[in-house]
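For reference, the structure is listed below as structure tokens.
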Amino acid sequence: MIVAIDGPAASGKGTLARRLAEHYRLPHLDTGLLYRAAARTLIDEGRRLDDVAAAVKAARGLALIDFDEVALRGREMGEAASVVAALPEVRAALVETQQRFAKRPGGAVLDGRDIGTVICPDATVKIFVTASPETRAQRRALELRSRGEPSNYAKVLGDILHRDRRDSSRSTAPLKPATDALILDTTDLDVEATFREALRLVETQLDAKDATQLRSAVP
Ligand code: DC
């Protein structure tokens with residue numbers, strides 16, 4: 001089973017994807033880390049974020065293990081990743097790695113922006129996680145504070161709106177729900193309620209697929 005989780009920044013998709021992966025005992029790939037790691041390499045090498053050749057080289061050189069999450073998780077890296085992720089050449093360089101991960105025996109859970117639309121168009125279940133920008137900004141501000149980073153709410157909200165605009169308006173693989181994605185609005189849901197609702201969506205989808213297969217097997 002392949003579970004595709006997409007959604008905007010701080011929607012809760014990462015936490016949800018981890019929980020679903022644990023529940024179904026599937027490997028999980030947070031694809032945002034790939035773009036964050038590519039951006040980190042460019043910054044460490046003192047290059048511009050729009051240096052396409054260097055960005056593609058950085059993307060191709062990534063291994064899916066041992067991401068230094070502490071170095072990649074901060075606000076600055078999220079913003080830099082969003083810039084690098086808008087380069088079509090970088091996205092193309094990362095497609096195969098993500099698809100190979102998804103096709104592991106038994107399946108996988110992947111979260112990102114284009115999993116249901118581009119990386120795994122045939123995913124078993126697609127969930128598009130969303131929440132109001134204000135709720136997402138509150139969550140992100142709390143998360144930053146817990147890591148000891150500056151967390152001015154108005155600034156965090158501004159960053160989120162700016163990132164939403166860039167991620168949704170780029171020409172290649174923009175952030176948008178797949179036509180067959182199930183929408184999960186977490187504005188009024190905590191982590192536990194989000195997980196329960198997502199489980200219900202996955203199970204309903206699996207039942208529906210089983211029923212379709214049974215129907216098509218009847219002569
Ligand atoms: O999910 P995140 O905040 O770690 O992602 C950081 C940035 O990377 C995000 O603003 C857009 C980009 N991204 C993307 O374009 N496609 C993905 N599948 C995952 C992330």
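Identifiers in the structure tokens: chain A, B, ... in order shown; residue index from 1 per chain; ligand index from 1 in order shown.
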
Using only C-alpha atoms and all ligand atoms, which residues of chain A come within 6 Å of ligand 1, and what is the closest atom pair for each, with the distance in Å to one decimal? Give it as a Markdown table, sorted by chain and residue number.
| residue | atom | partner | partner_atom_place_in_ligand_line | distance |
| --- | --- | --- | --- | --- |
| A:Ala9 | CA | ligand 1 | 3 (O) | 4.9 |
| A:Thr31 | CA | ligand 1 | 19 (C) | 4.8 |
| A:Gly32 | CA | ligand 1 | 20 (C) | 3.6 |
| A:Leu33 | CA | ligand 1 | 4 (O) | 5.5 |
| A:Tyr35 | CA | ligand 1 | 8 (O) | 5.1 |
| A:Gly78 | CA | ligand 1 | 6 (C) | 4.6 |
| A:Ala81 | CA | ligand 1 | 7 (C) | 4.6 |
| A:Ser82 | CA | ligand 1 | 10 (O) | 3.9 |
| A:Ala85 | CA | ligand 1 | 15 (O) | 4.6 |
| A:Gly112 | CA | ligand 1 | 18 (N) | 3.5 |
| A:Arg113 | CA | ligand 1 | 18 (N) | 4.1 |
| A:Asp114 | CA | ligand 1 | 18 (N) | 5.0 |
| A:Arg163 | CA | ligand 1 | 10 (O) | 5.8 |
| A:Asp167 | CA | ligand 1 | 11 (C) | 5.7 |

Selection to disk with C-alpha atoms, as an mmCIF file, in the first residue's frame:
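part_33.cif written:
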data_model
loop_
_atom_site.group_PDB
_atom_site.id
_atom_site.type_symbol
_atom_site.label_atom_id
_atom_site.label_comp_id
_atom_site.auth_asym_id
_atom_site.auth_seq_id
_atom_site.Cartn_x
_atom_site.Cartn_y
_atom_site.Cartn_z
ATOM 1 C CA ALA A 9 3.674 24.056 5.510
ATOM 2 C CA THR A 31 10.278 14.422 0.961
ATOM 3 C CA GLY A 32 10.647 17.989 2.249
ATOM 4 C CA LEU A 33 13.935 16.846 3.773
ATOM 5 C CA TYR A 35 14.697 19.788 -0.797
ATOM 6 C CA GLY A 78 12.239 25.736 4.952
ATOM 7 C CA ALA A 81 14.046 24.602 0.316
ATOM 8 C CA SER A 82 10.976 26.257 -1.152
ATOM 9 C CA ALA A 85 12.078 23.193 -4.977
ATOM 10 C CA GLY A 112 5.297 16.355 0.581
ATOM 11 C CA ARG A 113 3.627 18.667 -1.897
ATOM 12 C CA ASP A 114 3.364 16.605 -5.111
ATOM 13 C CA ARG A 163 5.666 30.000 1.213
ATOM 14 C CA ASP A 167 4.765 26.482 -3.489
#

Exercise for review: Run DSSP on the backbone and give me the residues of region 41-199 of chain A it puts in strand (DSSP E or B), as an MDAnalysis selection string.
Suggested key: chainID A and resid 108:112 125:130 182:185

Check your understanding: Restricting the calculation to only C-alpha atoms, which member of A:Ala37, A:Leu87, A:Leu72, A:Leu26 is positioned closest to Arg170 (chain A)?
Key -> A:Leu87

Practice item. If you run DSSP over the backbone, which residues in region 60-138 of chain A end up helix (DSSP H, G or I)? Put them as a count of residues only. Key: 42

Exercise for review: Pick out the closest residue to Lys126 (chain A) from this set: A:Leu62, A:Leu16, A:Ala39, A:Ile2. Count only C-alpha atoms.
Suggested key: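 Smallest separation from Lys126 (chain A) among the options: A:Ile2.
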
Check your understanding: Excluding same-chain residues fewer than 2 positions from Thr179 (chain A), what lies within 10 Å of it counting only C-alpha atoms, as a ChimeraX atom specification?
Key -> /A:116-117,126,176-177,181-182

Exercise for review: Tell me which protein, DNA and RNA residues are within 12 Å of region 98-103 of chain A, counting only C-alpha atoms, leaving out same-chain ones fewer than 6 positions away, and put them as a PyMOL selection string.
Suggested key: chain A and resi 1-4+26-35+59-60+62-65+91-92+109-112+114-116+118-124

Review point. So, counting only C-alpha atoms, which residue among A:Val56, A:Val202, A:Val191, A:Ala86 is closest to Arg166 (chain A)?
Key: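 Closest candidate: A:Ala86.
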
**Study point:** Polymer residues at most 6 Å from region 183-188 of chain A, only C-alpha atoms, same-chain spacing of 6 or more positions, as a PyMOL selection string
**Key:** chain A and resi 127-132

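Between CA of Glu69 (chain A) and CA of Arg165 (chain A) lies a distance of 24.9 Å.
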
Exercise for review: In Å, rounded to a single decimal, give me how far CA of Phe195 (chain A) is from CA of Pro150 (chain A).
Suggested key: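 So the two atoms, CA of Pro150 (chain A) and CA of Phe195 (chain A), lie 28.8 Å apart.
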
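Proximity to Leu199 (chain A) was assessed for A:Val125, A:Ala71, A:Ala58, A:Ala137 counting only C-alpha atoms; the smallest distance is recorded for A:Val125.
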
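Distance-wise, CA of Ala21 (chain A) and CA of Gly107 (chain A) end up 9.9 Å apart.
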